[in-house]
Structure formats: C-alpha cells, structure tokens
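Printed here is target_27.txt (compact mmCIF, C-alpha atoms):
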```txt
# COMPACT_ATOMS: atom_id res chain seq x y z
CA MET H 1346 10.19 -14.13 -71.80
CA LYS H 1347 13.94 -14.73 -71.71
CA ILE H 1348 14.42 -18.50 -71.46
CA LEU H 1349 17.48 -20.72 -71.63
CA LEU H 1350 16.73 -24.33 -72.56
CA ILE H 1351 19.32 -26.75 -71.16
CA THR H 1352 19.26 -30.30 -72.45
CA SER H 1353 21.24 -33.52 -72.64
CA ILE H 1354 20.53 -34.10 -76.34
CA PHE H 1355 19.45 -31.96 -79.27
CA PRO H 1356 19.26 -32.57 -83.03
CA PRO H 1357 21.09 -33.94 -84.92
CA ASP H 1358 20.76 -36.37 -81.98
CA ILE H 1359 17.64 -38.49 -82.45
CA GLY H 1360 14.95 -39.55 -80.01
CA GLY H 1361 11.83 -38.15 -78.40
CA PRO H 1362 13.55 -35.83 -75.87
CA ALA H 1363 15.76 -34.26 -78.55
CA GLY H 1364 12.77 -33.68 -80.80
CA TYR H 1365 10.76 -32.23 -77.91
CA VAL H 1366 13.37 -29.57 -77.08
CA PHE H 1367 13.86 -28.73 -80.77
CA ASN H 1368 10.13 -28.24 -81.31
CA LEU H 1369 9.76 -26.27 -78.08
CA PHE H 1370 12.67 -24.01 -79.06
CA ASN H 1371 11.06 -23.26 -82.43
CA GLY H 1372 7.61 -22.82 -80.88
CA LEU H 1373 8.89 -20.27 -78.34
CA ARG H 1374 10.77 -18.37 -81.02
CA GLN H 1375 7.67 -18.20 -83.21
CA LEU H 1376 5.89 -16.59 -80.26
CA ASN H 1377 8.68 -13.97 -80.16
CA HIS H 1378 10.23 -15.09 -76.89
CA ASP H 1379 13.99 -14.67 -76.43
CA VAL H 1380 15.18 -18.28 -76.21
CA ASP H 1381 18.44 -20.16 -76.63
CA VAL H 1382 19.56 -23.78 -76.21
CA ILE H 1383 22.62 -25.35 -74.62
CA ALA H 1384 22.99 -29.08 -75.29
CA TYR H 1385 25.38 -31.20 -73.25
CA GLY H 1386 25.77 -33.79 -76.02
CA LYS H 1387 26.45 -31.15 -78.70
CA ASP H 1388 28.40 -28.47 -76.84
CA ILE H 1389 30.70 -30.55 -74.63
CA SER H 1390 33.46 -32.78 -76.03
CA LYS H 1391 33.28 -36.44 -75.01
CA LYS H 1392 37.07 -36.75 -74.84
CA TYR H 1393 37.06 -35.52 -71.23
CA PRO H 1394 36.03 -37.59 -68.17
CA LEU H 1395 32.43 -37.12 -66.98
CA PRO H 1396 33.12 -34.87 -63.93
CA LEU H 1397 35.21 -32.53 -66.10
CA ARG H 1398 32.54 -32.44 -68.81
CA MET H 1399 29.91 -31.49 -66.25
CA LEU H 1400 32.21 -28.75 -64.91
CA PHE H 1401 32.72 -27.37 -68.43
CA PHE H 1402 28.96 -27.47 -68.94
CA LEU H 1403 28.45 -25.54 -65.70
CA PHE H 1404 30.83 -22.81 -66.92
CA LEU H 1405 29.07 -22.68 -70.29
CA ILE H 1406 25.69 -22.24 -68.62
CA LEU H 1407 27.10 -19.53 -66.33
CA GLN H 1408 28.51 -17.73 -69.36
CA LYS H 1409 25.37 -17.91 -71.48
CA GLY H 1410 22.78 -17.79 -68.72
CA ARG H 1411 23.33 -14.27 -67.42
CA LYS H 1412 20.90 -12.64 -69.88
CA TYR H 1413 18.04 -15.10 -69.23
CA ASN H 1414 15.40 -14.91 -66.48
CA LEU H 1415 14.45 -18.57 -66.45
CA PHE H 1416 16.21 -21.89 -67.09
CA TYR H 1417 14.25 -24.92 -68.28
CA ALA H 1418 16.33 -28.10 -68.05
CA HIS H 1419 15.78 -31.54 -69.59
CA GLY H 1420 17.61 -34.84 -69.43
CA GLY H 1421 19.77 -36.64 -66.90
CA LEU H 1422 22.09 -35.39 -64.20
CA SER H 1423 24.77 -34.45 -66.74
CA SER H 1424 22.58 -31.52 -67.80
CA THR H 1425 20.17 -30.87 -64.92
CA LEU H 1426 22.71 -30.78 -62.07
CA PRO H 1427 25.00 -28.16 -63.71
CA ALA H 1428 21.87 -26.24 -64.72
CA LEU H 1429 20.63 -26.12 -61.12
CA LEU H 1430 24.03 -25.06 -59.75
CA ALA H 1431 24.43 -22.33 -62.38
CA CYS H 1432 20.90 -21.13 -61.73
CA ARG H 1433 21.49 -20.71 -58.03
CA LEU H 1434 24.86 -19.00 -58.57
CA LEU H 1435 23.22 -16.51 -60.94
CA GLY H 1436 20.10 -16.04 -58.81
CA LYS H 1437 17.75 -17.27 -61.53
CA LYS H 1438 14.72 -19.56 -61.47
CA ILE H 1439 14.72 -23.06 -62.92
CA GLY H 1440 12.25 -25.70 -63.98
CA VAL H 1441 13.17 -29.31 -64.73
CA LYS H 1442 11.30 -31.73 -66.97
CA VAL H 1443 11.56 -35.25 -65.55
CA THR H 1444 11.20 -37.89 -68.25
CA GLY H 1445 12.37 -40.85 -66.18
CA ASP H 1446 14.50 -42.11 -63.33
CA TYR H 1447 18.07 -41.30 -64.34
CA ALA H 1448 19.51 -43.25 -61.41
CA TRP H 1449 17.66 -46.40 -62.46
CA GLU H 1450 18.55 -46.02 -66.14
CA GLN H 1451 22.26 -45.58 -65.43
CA SER H 1452 22.34 -48.40 -62.90
CA THR H 1453 20.56 -50.71 -65.34
CA ASN H 1454 22.82 -49.78 -68.27
CA LEU H 1455 25.90 -50.44 -66.12
CA GLY H 1456 24.53 -53.84 -65.09
CA LEU H 1457 24.36 -52.85 -61.43
CA VAL H 1458 20.66 -53.66 -61.04
CA THR H 1459 18.18 -55.99 -62.70
CA ASP H 1460 15.13 -54.80 -60.73
CA ASP H 1461 12.43 -52.99 -62.65
CA ILE H 1462 11.91 -49.29 -62.09
CA ASP H 1463 9.04 -49.66 -59.62
CA ILE H 1464 10.99 -52.00 -57.32
CA PHE H 1465 14.00 -49.68 -57.63
CA GLN H 1466 12.06 -46.83 -56.01
CA THR H 1467 11.86 -48.48 -52.59
CA LYS H 1468 14.79 -50.91 -52.51
CA LYS H 1469 18.12 -50.01 -50.90
CA TYR H 1470 21.36 -50.37 -52.88
CA GLY H 1471 25.07 -49.74 -52.53
CA PHE H 1472 27.04 -46.50 -52.31
CA PHE H 1473 27.22 -45.62 -56.03
CA ILE H 1474 23.49 -46.01 -56.64
CA LYS H 1475 22.73 -44.19 -53.40
CA ILE H 1476 24.78 -41.21 -54.65
CA LEU H 1477 22.89 -41.24 -57.96
CA LYS H 1478 19.56 -41.25 -56.15
CA LEU H 1479 20.60 -38.48 -53.75
CA SER H 1480 21.90 -36.32 -56.63
CA GLN H 1481 18.69 -36.78 -58.59
CA ASN H 1482 16.57 -35.96 -55.54
CA PHE H 1483 18.71 -32.88 -54.85
CA VAL H 1484 17.95 -31.50 -58.33
CA VAL H 1485 14.19 -31.99 -58.24
CA LYS H 1486 13.76 -30.84 -54.63
CA ASN H 1487 15.70 -27.61 -55.25
CA SER H 1488 14.13 -26.68 -58.58
CA ASP H 1489 11.36 -24.09 -58.64
CA PHE H 1490 9.00 -26.37 -60.55
CA ILE H 1491 8.91 -29.82 -62.11
CA VAL H 1492 7.21 -30.87 -65.34
CA ALA H 1493 6.11 -34.50 -65.57
CA PRO H 1494 4.69 -35.85 -68.85
CA SER H 1495 2.37 -38.37 -67.15
CA GLN H 1496 0.46 -39.10 -63.96
CA TYR H 1497 2.81 -42.04 -63.47
CA LEU H 1498 5.88 -39.80 -63.39
CA LYS H 1499 4.19 -37.21 -61.20
CA LYS H 1500 3.55 -39.91 -58.61
CA MET H 1501 7.16 -41.13 -58.86
CA VAL H 1502 8.64 -37.65 -58.42
CA GLY H 1503 6.35 -37.10 -55.46
CA GLU H 1504 7.80 -40.22 -53.87
CA TRP H 1505 11.25 -38.64 -54.20
CA GLY H 1506 10.11 -36.02 -51.70
CA VAL H 1507 8.94 -33.22 -54.02
CA LYS H 1508 5.85 -31.32 -52.90
CA GLU H 1509 2.83 -32.05 -55.07
CA GLU H 1510 2.15 -28.38 -55.76
CA LYS H 1511 5.57 -28.08 -57.45
CA ILE H 1512 4.81 -30.82 -60.00
CA TYR H 1513 2.89 -29.94 -63.17
CA ILE H 1514 1.64 -32.50 -65.67
CA ILE H 1515 2.06 -31.55 -69.31
CA TYR H 1516 1.65 -34.52 -71.62
CA ASN H 1517 4.16 -35.13 -74.38
CA SER H 1518 3.15 -34.45 -77.96
CA VAL H 1519 4.58 -35.09 -81.41
CA ILE H 1520 4.49 -33.15 -84.65
CA ILE H 1521 3.56 -35.28 -87.65
CA ASN H 1522 4.54 -32.98 -90.50
CA TYR H 1523 5.15 -35.71 -93.05
CA LEU H 1524 2.47 -38.22 -94.00
CA PRO H 1525 3.94 -40.60 -96.59
CA SER H 1526 1.57 -42.32 -98.95
CA ILE H 1527 3.02 -45.78 -99.41
CA PRO H 1528 1.00 -48.53 -101.06
CA LYS H 1529 0.78 -51.68 -98.98
CA ASP H 1530 2.86 -54.54 -100.38
CA GLU H 1531 2.40 -58.26 -99.96
CA PHE H 1532 3.97 -58.25 -96.50
CA GLN H 1533 2.47 -57.59 -93.10
CA TYR H 1534 4.91 -55.58 -90.98
CA ILE H 1535 5.07 -55.59 -87.19
CA LEU H 1536 6.94 -52.43 -86.24
CA SER H 1537 8.81 -51.51 -83.06
CA VAL H 1538 10.88 -48.35 -82.55
CA GLY H 1539 13.24 -47.48 -79.71
CA ARG H 1540 16.70 -47.48 -78.22
CA LEU H 1541 18.07 -51.02 -78.01
CA VAL H 1542 18.44 -51.30 -74.24
CA SER H 1543 17.45 -54.04 -71.84
CA TRP H 1544 14.16 -52.59 -70.56
CA LYS H 1545 12.66 -52.09 -74.03
CA GLY H 1546 11.75 -55.79 -74.29
CA PHE H 1547 12.99 -56.40 -77.84
CA ASP H 1548 14.25 -59.87 -76.88
CA ALA H 1549 10.76 -60.96 -75.79
CA LEU H 1550 9.29 -59.46 -78.97
CA ILE H 1551 11.73 -61.38 -81.19
CA GLU H 1552 10.96 -64.63 -79.39
CA ALA H 1553 7.18 -64.08 -79.53
CA PHE H 1554 7.38 -63.17 -83.21
CA SER H 1555 9.40 -66.28 -84.05
CA GLU H 1556 6.74 -68.46 -82.38
CA ILE H 1557 3.84 -67.10 -84.46
CA ARG H 1558 5.72 -66.51 -87.72
CA GLY H 1559 4.94 -70.00 -89.03
CA ASP H 1560 1.22 -69.18 -89.15
CA PHE H 1561 1.73 -66.07 -91.29
CA THR H 1562 3.85 -66.58 -94.38
CA ASN H 1563 3.96 -62.89 -95.28
CA LEU H 1564 4.79 -61.55 -91.79
CA LYS H 1565 7.91 -59.51 -91.02
CA LEU H 1566 9.25 -57.82 -87.89
CA VAL H 1567 10.94 -54.43 -88.30
CA ILE H 1568 13.00 -53.04 -85.40
CA VAL H 1569 14.04 -49.40 -85.82
CA GLY H 1570 16.74 -48.05 -83.53
CA ASP H 1571 20.27 -48.46 -82.26
CA GLY H 1572 21.84 -49.12 -78.90
CA PRO H 1573 24.17 -51.31 -76.85
CA LEU H 1574 22.11 -54.49 -77.37
CA LEU H 1575 22.14 -54.39 -81.18
CA PHE H 1576 24.66 -57.23 -81.60
CA ARG H 1577 23.01 -59.41 -78.95
CA LEU H 1578 19.55 -58.95 -80.47
CA LYS H 1579 20.85 -59.76 -83.95
CA GLU H 1580 22.40 -62.94 -82.57
CA LEU H 1581 19.09 -63.83 -80.91
CA ALA H 1582 17.29 -63.28 -84.22
CA LYS H 1583 19.77 -65.57 -86.01
CA LYS H 1584 18.93 -68.38 -83.60
CA THR H 1585 15.27 -68.32 -84.60
CA SER H 1586 13.85 -70.18 -87.58
CA CYS H 1587 12.75 -66.93 -89.19
CA SER H 1588 15.81 -64.67 -89.04
CA ASP H 1589 15.28 -63.63 -92.67
CA SER H 1590 11.93 -62.12 -91.61
CA ILE H 1591 13.46 -59.86 -88.91
CA LEU H 1592 14.88 -56.54 -90.10
CA PHE H 1593 17.10 -54.26 -88.02
CA THR H 1594 17.18 -50.85 -89.71
CA GLY H 1595 19.47 -49.08 -87.24
CA ALA H 1596 18.81 -45.45 -86.34
CA LEU H 1597 16.74 -43.57 -88.94
CA ASN H 1598 15.78 -39.96 -89.46
CA LYS H 1599 12.21 -39.00 -88.67
CA GLU H 1600 10.97 -39.06 -92.28
CA ASP H 1601 12.24 -42.62 -92.77
CA VAL H 1602 10.65 -43.73 -89.49
CA PHE H 1603 7.35 -42.22 -90.64
CA GLN H 1604 7.57 -44.31 -93.81
CA TRP H 1605 7.73 -47.44 -91.68
CA TYR H 1606 4.70 -46.29 -89.67
CA ALA H 1607 2.85 -45.88 -92.96
CA ARG H 1608 3.78 -49.40 -94.09
CA ALA H 1609 3.16 -51.18 -90.78
CA SER H 1610 0.16 -53.31 -89.88
CA CYS H 1611 0.68 -52.92 -86.13
CA PHE H 1612 3.07 -51.37 -83.62
CA VAL H 1613 4.57 -52.99 -80.51
CA LEU H 1614 6.15 -51.30 -77.48
CA PHE H 1615 6.84 -54.06 -74.96
CA SER H 1616 8.90 -51.92 -72.61
CA GLY H 1617 9.50 -52.32 -68.90
CA TYR H 1618 9.38 -48.57 -68.46
CA GLU H 1619 7.98 -45.55 -70.30
CA GLY H 1620 7.32 -42.08 -68.92
CA LEU H 1621 5.08 -41.13 -71.83
CA SER H 1622 6.39 -42.61 -75.05
CA HIS H 1623 6.92 -40.37 -78.09
CA VAL H 1624 7.00 -43.38 -80.43
CA LEU H 1625 3.69 -44.62 -79.00
CA LEU H 1626 2.19 -41.20 -79.71
CA GLU H 1627 3.54 -41.41 -83.27
CA ALA H 1628 2.14 -44.90 -83.84
CA LEU H 1629 -1.27 -43.81 -82.53
CA SER H 1630 -1.15 -40.73 -84.76
CA PHE H 1631 -0.80 -43.10 -87.72
CA LYS H 1632 -3.85 -44.99 -86.37
CA LEU H 1633 -1.96 -48.26 -86.03
CA PRO H 1634 -3.24 -51.06 -83.80
CA VAL H 1635 -0.87 -50.93 -80.83
CA ILE H 1636 0.34 -53.61 -78.45
CA ALA H 1637 2.03 -52.09 -75.39
CA SER H 1638 3.19 -53.24 -71.99
CA ASP H 1639 1.12 -52.11 -69.02
CA LYS H 1640 4.06 -50.22 -67.51
CA GLY H 1641 4.58 -46.54 -66.83
CA GLY H 1642 2.64 -43.99 -68.83
CA ASN H 1643 1.45 -46.51 -71.43
CA LYS H 1644 -1.78 -46.96 -69.50
CA GLU H 1645 -2.51 -43.25 -69.95
CA LEU H 1646 -2.45 -43.63 -73.74
CA ILE H 1647 -3.89 -47.10 -74.35
CA GLN H 1648 -7.38 -48.27 -73.42
CA ASN H 1649 -7.33 -52.03 -73.72
CA GLY H 1650 -9.36 -53.25 -76.69
CA ILE H 1651 -10.30 -49.71 -77.74
CA ASN H 1652 -7.21 -48.20 -79.38
CA GLY H 1653 -4.80 -51.03 -78.63
CA PHE H 1654 -3.91 -53.81 -76.23
CA LEU H 1655 -2.12 -53.65 -72.88
CA VAL H 1656 -0.03 -56.71 -72.04
CA PRO H 1657 1.43 -57.38 -68.57
CA TRP H 1658 5.17 -56.74 -68.59
CA LYS H 1659 7.26 -59.92 -69.06
CA ASN H 1660 4.20 -62.01 -69.96
CA LYS H 1661 5.52 -63.33 -73.28
CA GLU H 1662 2.60 -65.71 -73.74
CA LEU H 1663 0.06 -62.88 -73.69
CA LEU H 1664 2.33 -60.83 -75.94
CA LYS H 1665 2.38 -63.73 -78.39
CA LYS H 1666 -1.42 -64.10 -78.21
CA SER H 1667 -1.93 -60.37 -78.81
CA LEU H 1668 0.44 -60.45 -81.79
CA TYR H 1669 -1.40 -63.43 -83.23
CA ASP H 1670 -4.83 -61.82 -82.76
CA VAL H 1671 -3.78 -58.50 -84.32
CA CYS H 1672 -2.04 -60.17 -87.27
CA ASN H 1673 -5.03 -62.43 -87.83
CA ASN H 1674 -7.44 -59.48 -87.81
CA LYS H 1675 -5.94 -56.11 -88.63
CA ASN H 1676 -9.13 -54.27 -87.61
CA CYS H 1677 -9.42 -55.81 -84.17
CA VAL H 1678 -9.38 -52.53 -82.22
CA ILE H 1679 -12.55 -50.47 -81.94
CA ARG H 1680 -11.06 -47.02 -82.39
CA PRO H 1681 -7.41 -46.85 -83.52
CA GLY H 1682 -5.53 -43.65 -82.76
CA LEU H 1683 -5.40 -41.17 -79.90
CA LEU H 1684 -8.54 -41.09 -77.79
CA ASN H 1685 -8.02 -37.49 -76.68
CA ASN H 1686 -6.42 -35.63 -79.54
CA GLN H 1687 -6.64 -32.27 -77.78
CA ILE H 1688 -4.49 -32.84 -74.70
CA PHE H 1689 -1.88 -34.67 -76.78
CA SER H 1690 -1.80 -32.05 -79.54
CA TRP H 1691 1.35 -30.01 -80.05
CA GLN H 1692 -0.50 -26.69 -79.72
CA PHE H 1693 -2.04 -27.70 -76.40
CA MET H 1694 1.36 -28.79 -75.07
CA LEU H 1695 3.02 -25.58 -76.26
CA ASN H 1696 0.32 -23.36 -74.76
CA SER H 1697 0.45 -25.24 -71.44
CA THR H 1698 4.24 -24.95 -71.33
CA VAL H 1699 4.22 -21.23 -72.17
CA ASN H 1700 1.62 -20.53 -69.46
CA LEU H 1701 3.74 -22.38 -66.92
CA LEU H 1702 6.98 -20.65 -67.92
CA GLN H 1703 5.28 -17.25 -67.73
CA LYS H 1704 4.20 -18.04 -64.19
CA PHE H 1705 7.85 -18.29 -63.10
CA SER H 1706 9.42 -15.66 -65.39
```
For the file at hand, write its structure as structure tokens.
Amino acid sequence: MKILLITSIFPPDIGGPAGYVFNLFNGLRQLNHDVDVIAYGKDISKKYPLPLRMLFFLFLILQKGRKYNLFYAHGGLSSTLPALLACRLLGKKIGVKVTGDYAWEQSTNLGLVTDDIDIFQTKKYGFFIKILKLSQNFVVKNSDFIVAPSQYLKKMVGEWGVKEEKIYIIYNSVIINYLPSIPKDEFQYILSVGRLVSWKGFDALIEAFSEIRGDFTNLKLVIVGDGPLLFRLKELAKKTSCSDSILFTGALNKEDVFQWYARASCFVLFSGYEGLSHVLLEALSFKLPVIASDKGGNKELIQNGINGFLVPWKNKELLKKSLYDVCNNKNCVIRPGLLNNQIFSWQFMLNSTVNLLQKFS
C-alpha cells in the first residue's frame, strides 16, 4: 500500500495519539508498505496565525500526497480538515481516526463551555461553537471511513450524522517495551498521568487525596504531565495540609513514566472524558489496581471490582472511598490487568488497521 499518515502531533511530541501514529508508521514500514508522515505540530511553524498555518499544511499535503493512494488522518481540525480538502483535490481516498470531540475540547479550553461532553452533543451554542461543530461534522461525513477506538466514540460519531457502516471500531493499544525492575520503597504511591486540563479531574483527586492522607503516613500522590492548569493545581496542592506529599513531575519521556508505573501502588484516572485512554491501558499492562471515572471508554476497559473500580464522574466522596479502600488493601481487585489481552494487543490493532486500509487502497 501507499499510505500518507497525517497527524496533529508526532514524536518528539508526547501523548497517546503521538505514540499511536509513531508505532503505526513503524509497523506499516516493517510490513513493507510505502508510508510517510506529515505532522502539523512538527512541520508547520507556530509563528503564523491558525488559518494561515492550516493553509500551509494543505499545500504541504498536496505536495507530498500525490504519490500516495490513501490518506489516514488523526487529530483535530488543524490536521483533518486540510487532509480532507487535499484528498478531494487530488482524487484520493481518506480515513479519519476520531479520538474525541475536537469542538468540545477547544470550547472547553477556551472557557466557552463548562458542560461535559455528553451534554455538549445535544445542546445549542453560539456562532463560534456552531462553526466548530459544523466543520468537524463536515470532515467525518465526507471521509471514506472513520476509525473509532471505542464503542462510546462510535456512538458519538454516529450521532454526528455518519452512517454506521462507515465507522469501524479498532481499540487502542500500547507497546510496553521497557519493564523497569524497581524495588518498592517505604512509600505508597498513587499515580495519575495526563494532560493538565480541566476535564481530567486532577483538582478532585488532589482534594480527595488530602482528605485521606492523614490515615496513611507513607502515602504520596504523583501527577505526571503538563498543561495549562499546572500553576493552578500546584496552588491547590499548597493549600492542603499535605502539599509535601504531592509531586508534580511535569512531562516525562515514556521510559520515565514506566518507572513510575513500576513504583506505584495504584493508578487513578478521574477524567470527565476519555475516548479510550492510552495511560489506562499502560496502567493495566503494569497490573496496577485502577480507579477510573465511569465516563467515555473507561467502562470498556474496567469491570468494577474485577480489574479496578469505576467511580461516577464528579462524585468526590466515592473517589475518596475508593482511594481509601485501595490504599488500605493493595490486593483488593480480583484480577488486575487487562481482561482481554488479545483485542488490546498491539499486533491485533496493527492487523485490524492494515486489513481496513487495504480495503480502501
């Protein structure tokens, strides 16, 4: 196959989507397919205003895309909209992987909405948000196929007006190629990993941790990641009585994150939205007890009481109780880890993706 991968972020950028495209690129090359990558964040200078950057990206895709039969686009509108336009101008086919609701994420980051993602789907908003929604819908409706990494996202994309037969579920996967052997020290670490944005629930986690910390003298909270709320979350931590037990590591490379997984006693993802979380897959791969919100694709990974605990979103009291129970009994889940290792394995995901791409090549 001749495939052009088009993405918003790519290593050295960090995060699940960047790692996914990097691993897919290498996997396709190892299978002797002709594949290349264009990354909006890497190939387009940020010194220009957004509309101009998207125009430059369109020209870059037009220039590089002529030799490829199929485009496979990932990320937000900054990458998928130019990819779709270039595809149609060149008479190619295109698939888009939808990892979330870009319109909701941008509106939330800009402080334009405080509604959660499920309410956002049906509520009417002003002109700017309407344009974001229409642009997003235009991309998915006019693509040849859509990849969704969870049943939750397939349902959401269907509600945007995309025909069900155009949406294919291929679950996310992670490659754990580094298993550090770190002896446990005297501390018990609660670990959370993610971008520091409002819907990730780090504020509730800090507050819940501070309320149980007095019962566990050796307990620490480790938050790995960076983002716009870093300063605010550090200030919140300072206001607690246990600020010296809360560690913000900032953004880390994958090997350093894996070291924290190896040291942790449990993992928490109290997010208001997840398509299918890469960090949750990583934590489960390390067989950590997991506490996760019951939002998005989390329910497709966690069976309550079996390999972790599902906590209703925004219910800080139940979050606190789950933290207390897990810290009081580190072996409180019946079967830690992934319950279906096959469908979440990297090889299964790669094979499923290759089969789908061949269908449209």
Selection: 9 Å around Ala1448 in chain H, all atoms listed in the file, excl. self and same-chain fewer than 4 positions, as a PyMOL selection string: chain H and resi 1421-1422+1452-1453+1474-1478+1480-1481
Close residues, range 1599-1603 of chain H itself excluded, 8 Å, all atoms listed in the file, min 3 positions apart in chain, as a VMD selection string: chain H and resid 1523 to 1525 1569 1606 to 1607
Closest of H:Asp1388, H:Asp1548, H:Glu1645, H:Asp1461 to Ser1353 in chain H - atom-to-atom distances counting all atoms listed in the file: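 So, comparing all the options, the nearest one is H:Asp1388.
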Neighbour list for Ile1512 in chain H as JSON, numbers by chain, cut-off 7 Å, all atoms listed in the file, skip fewer than 6 positions in-chain: {"H": [1490, 1491, 1492, 1493, 1499]}
Can those selected residues be exported to a file as a PDB file, in the frame of the given file so that it contains C-alpha atoms?
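Saved file out33.pdb follows:
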```
ATOM      1  CA  PHE H1490       9.000 -26.370 -60.550  1.00  0.00           C
ATOM      2  CA  ILE H1491       8.910 -29.820 -62.110  1.00  0.00           C
ATOM      3  CA  VAL H1492       7.210 -30.870 -65.340  1.00  0.00           C
ATOM      4  CA  ALA H1493       6.110 -34.500 -65.570  1.00  0.00           C
ATOM      5  CA  LYS H1499       4.190 -37.210 -61.200  1.00  0.00           C
TER       6      LYS H1499
END
```
Find the residues around Asn1517 in chain H up to 8 Å (all atoms listed in the file counted), leave out those fewer than 5 positions away in its own chain, and share them as a short mmCIF file (atom, residue, chain, number, x, y, z; two decimals) with C-alpha atoms, in the coordinates of the input.
```
data_model
loop_
_atom_site.label_atom_id
_atom_site.label_comp_id
_atom_site.auth_asym_id
_atom_site.auth_seq_id
_atom_site.Cartn_x
_atom_site.Cartn_y
_atom_site.Cartn_z
CA PRO H 1494 4.69 -35.85 -68.85
CA LEU H 1621 5.08 -41.13 -71.83
CA SER H 1622 6.39 -42.61 -75.05
CA HIS H 1623 6.92 -40.37 -78.09
CA PHE H 1689 -1.88 -34.67 -76.78
CA MET H 1694 1.36 -28.79 -75.07
#
```
Given only C-alpha atoms as the counted atoms, nearest of H:Ala1609, H:Val1538, H:Ala1363, H:Leu1350 to Gly1410 in chain H: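 Distance minimum relative to Gly1410 in chain H lands on H:Leu1350.
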Proximity to Leu1405 in chain H - best of H:Ile1351, H:Ile1514, H:Leu1663, H:Leu1455, all atoms listed in the file: H:Ile1351
For range 1553-1576 of chain H, supply N, CA and C atoms and report the output as a short mmCIF file (atom, residue, chain, number, x, y, z; two decimals), keeping the file's coordinate frame.
```cif
data_model
loop_
_atom_site.label_atom_id
_atom_site.label_comp_id
_atom_site.auth_asym_id
_atom_site.auth_seq_id
_atom_site.Cartn_x
_atom_site.Cartn_y
_atom_site.Cartn_z
N ALA H 1553 8.62 -63.92 -79.28
CA ALA H 1553 7.18 -64.08 -79.53
C ALA H 1553 6.90 -64.09 -81.03
N PHE H 1554 7.56 -63.22 -81.76
CA PHE H 1554 7.38 -63.17 -83.21
C PHE H 1554 7.78 -64.49 -83.86
N SER H 1555 8.91 -65.04 -83.44
CA SER H 1555 9.40 -66.28 -84.05
C SER H 1555 8.43 -67.44 -83.80
N GLU H 1556 7.66 -67.38 -82.71
CA GLU H 1556 6.74 -68.46 -82.38
C GLU H 1556 5.40 -68.38 -83.12
N ILE H 1557 5.07 -67.21 -83.68
CA ILE H 1557 3.84 -67.10 -84.46
C ILE H 1557 4.13 -67.00 -85.96
N ARG H 1558 5.38 -66.77 -86.32
CA ARG H 1558 5.72 -66.51 -87.72
C ARG H 1558 5.27 -67.64 -88.65
N GLY H 1559 5.31 -68.88 -88.19
CA GLY H 1559 4.94 -70.00 -89.03
C GLY H 1559 3.50 -69.98 -89.49
N ASP H 1560 2.64 -69.26 -88.78
CA ASP H 1560 1.22 -69.18 -89.15
C ASP H 1560 0.92 -68.05 -90.12
N PHE H 1561 1.93 -67.23 -90.41
CA PHE H 1561 1.73 -66.07 -91.29
C PHE H 1561 2.91 -65.99 -92.26
N THR H 1562 2.73 -66.47 -93.44
CA THR H 1562 3.85 -66.58 -94.38
C THR H 1562 4.37 -65.23 -94.86
N ASN H 1563 3.54 -64.20 -94.77
CA ASN H 1563 3.96 -62.89 -95.28
C ASN H 1563 4.30 -61.91 -94.16
N LEU H 1564 4.58 -62.40 -92.96
CA LEU H 1564 4.79 -61.55 -91.79
C LEU H 1564 6.27 -61.23 -91.61
N LYS H 1565 6.55 -59.94 -91.31
CA LYS H 1565 7.91 -59.51 -91.02
C LYS H 1565 7.92 -58.62 -89.78
N LEU H 1566 9.04 -58.68 -89.06
CA LEU H 1566 9.25 -57.82 -87.89
C LEU H 1566 10.32 -56.79 -88.22
N VAL H 1567 10.00 -55.53 -88.02
CA VAL H 1567 10.94 -54.43 -88.30
C VAL H 1567 11.26 -53.73 -86.98
N ILE H 1568 12.55 -53.70 -86.63
CA ILE H 1568 13.00 -53.04 -85.40
C ILE H 1568 13.85 -51.84 -85.81
N VAL H 1569 13.36 -50.64 -85.48
CA VAL H 1569 14.04 -49.40 -85.82
C VAL H 1569 14.72 -48.85 -84.58
N GLY H 1570 16.02 -48.62 -84.67
CA GLY H 1570 16.74 -48.05 -83.53
C GLY H 1570 18.14 -48.63 -83.40
N ASP H 1571 18.90 -48.02 -82.53
CA ASP H 1571 20.27 -48.46 -82.26
C ASP H 1571 20.48 -48.46 -80.75
N GLY H 1572 21.56 -49.08 -80.32
CA GLY H 1572 21.84 -49.12 -78.90
C GLY H 1572 22.79 -50.24 -78.54
N PRO H 1573 23.14 -50.35 -77.28
CA PRO H 1573 24.17 -51.31 -76.85
C PRO H 1573 23.79 -52.77 -77.05
N LEU H 1574 22.51 -53.09 -77.22
CA LEU H 1574 22.11 -54.49 -77.37
C LEU H 1574 21.94 -54.91 -78.83
N LEU H 1575 22.36 -54.08 -79.77
CA LEU H 1575 22.14 -54.39 -81.18
C LEU H 1575 22.74 -55.74 -81.57
N PHE H 1576 23.99 -55.98 -81.22
CA PHE H 1576 24.66 -57.23 -81.60
C PHE H 1576 23.96 -58.42 -80.95
#
```
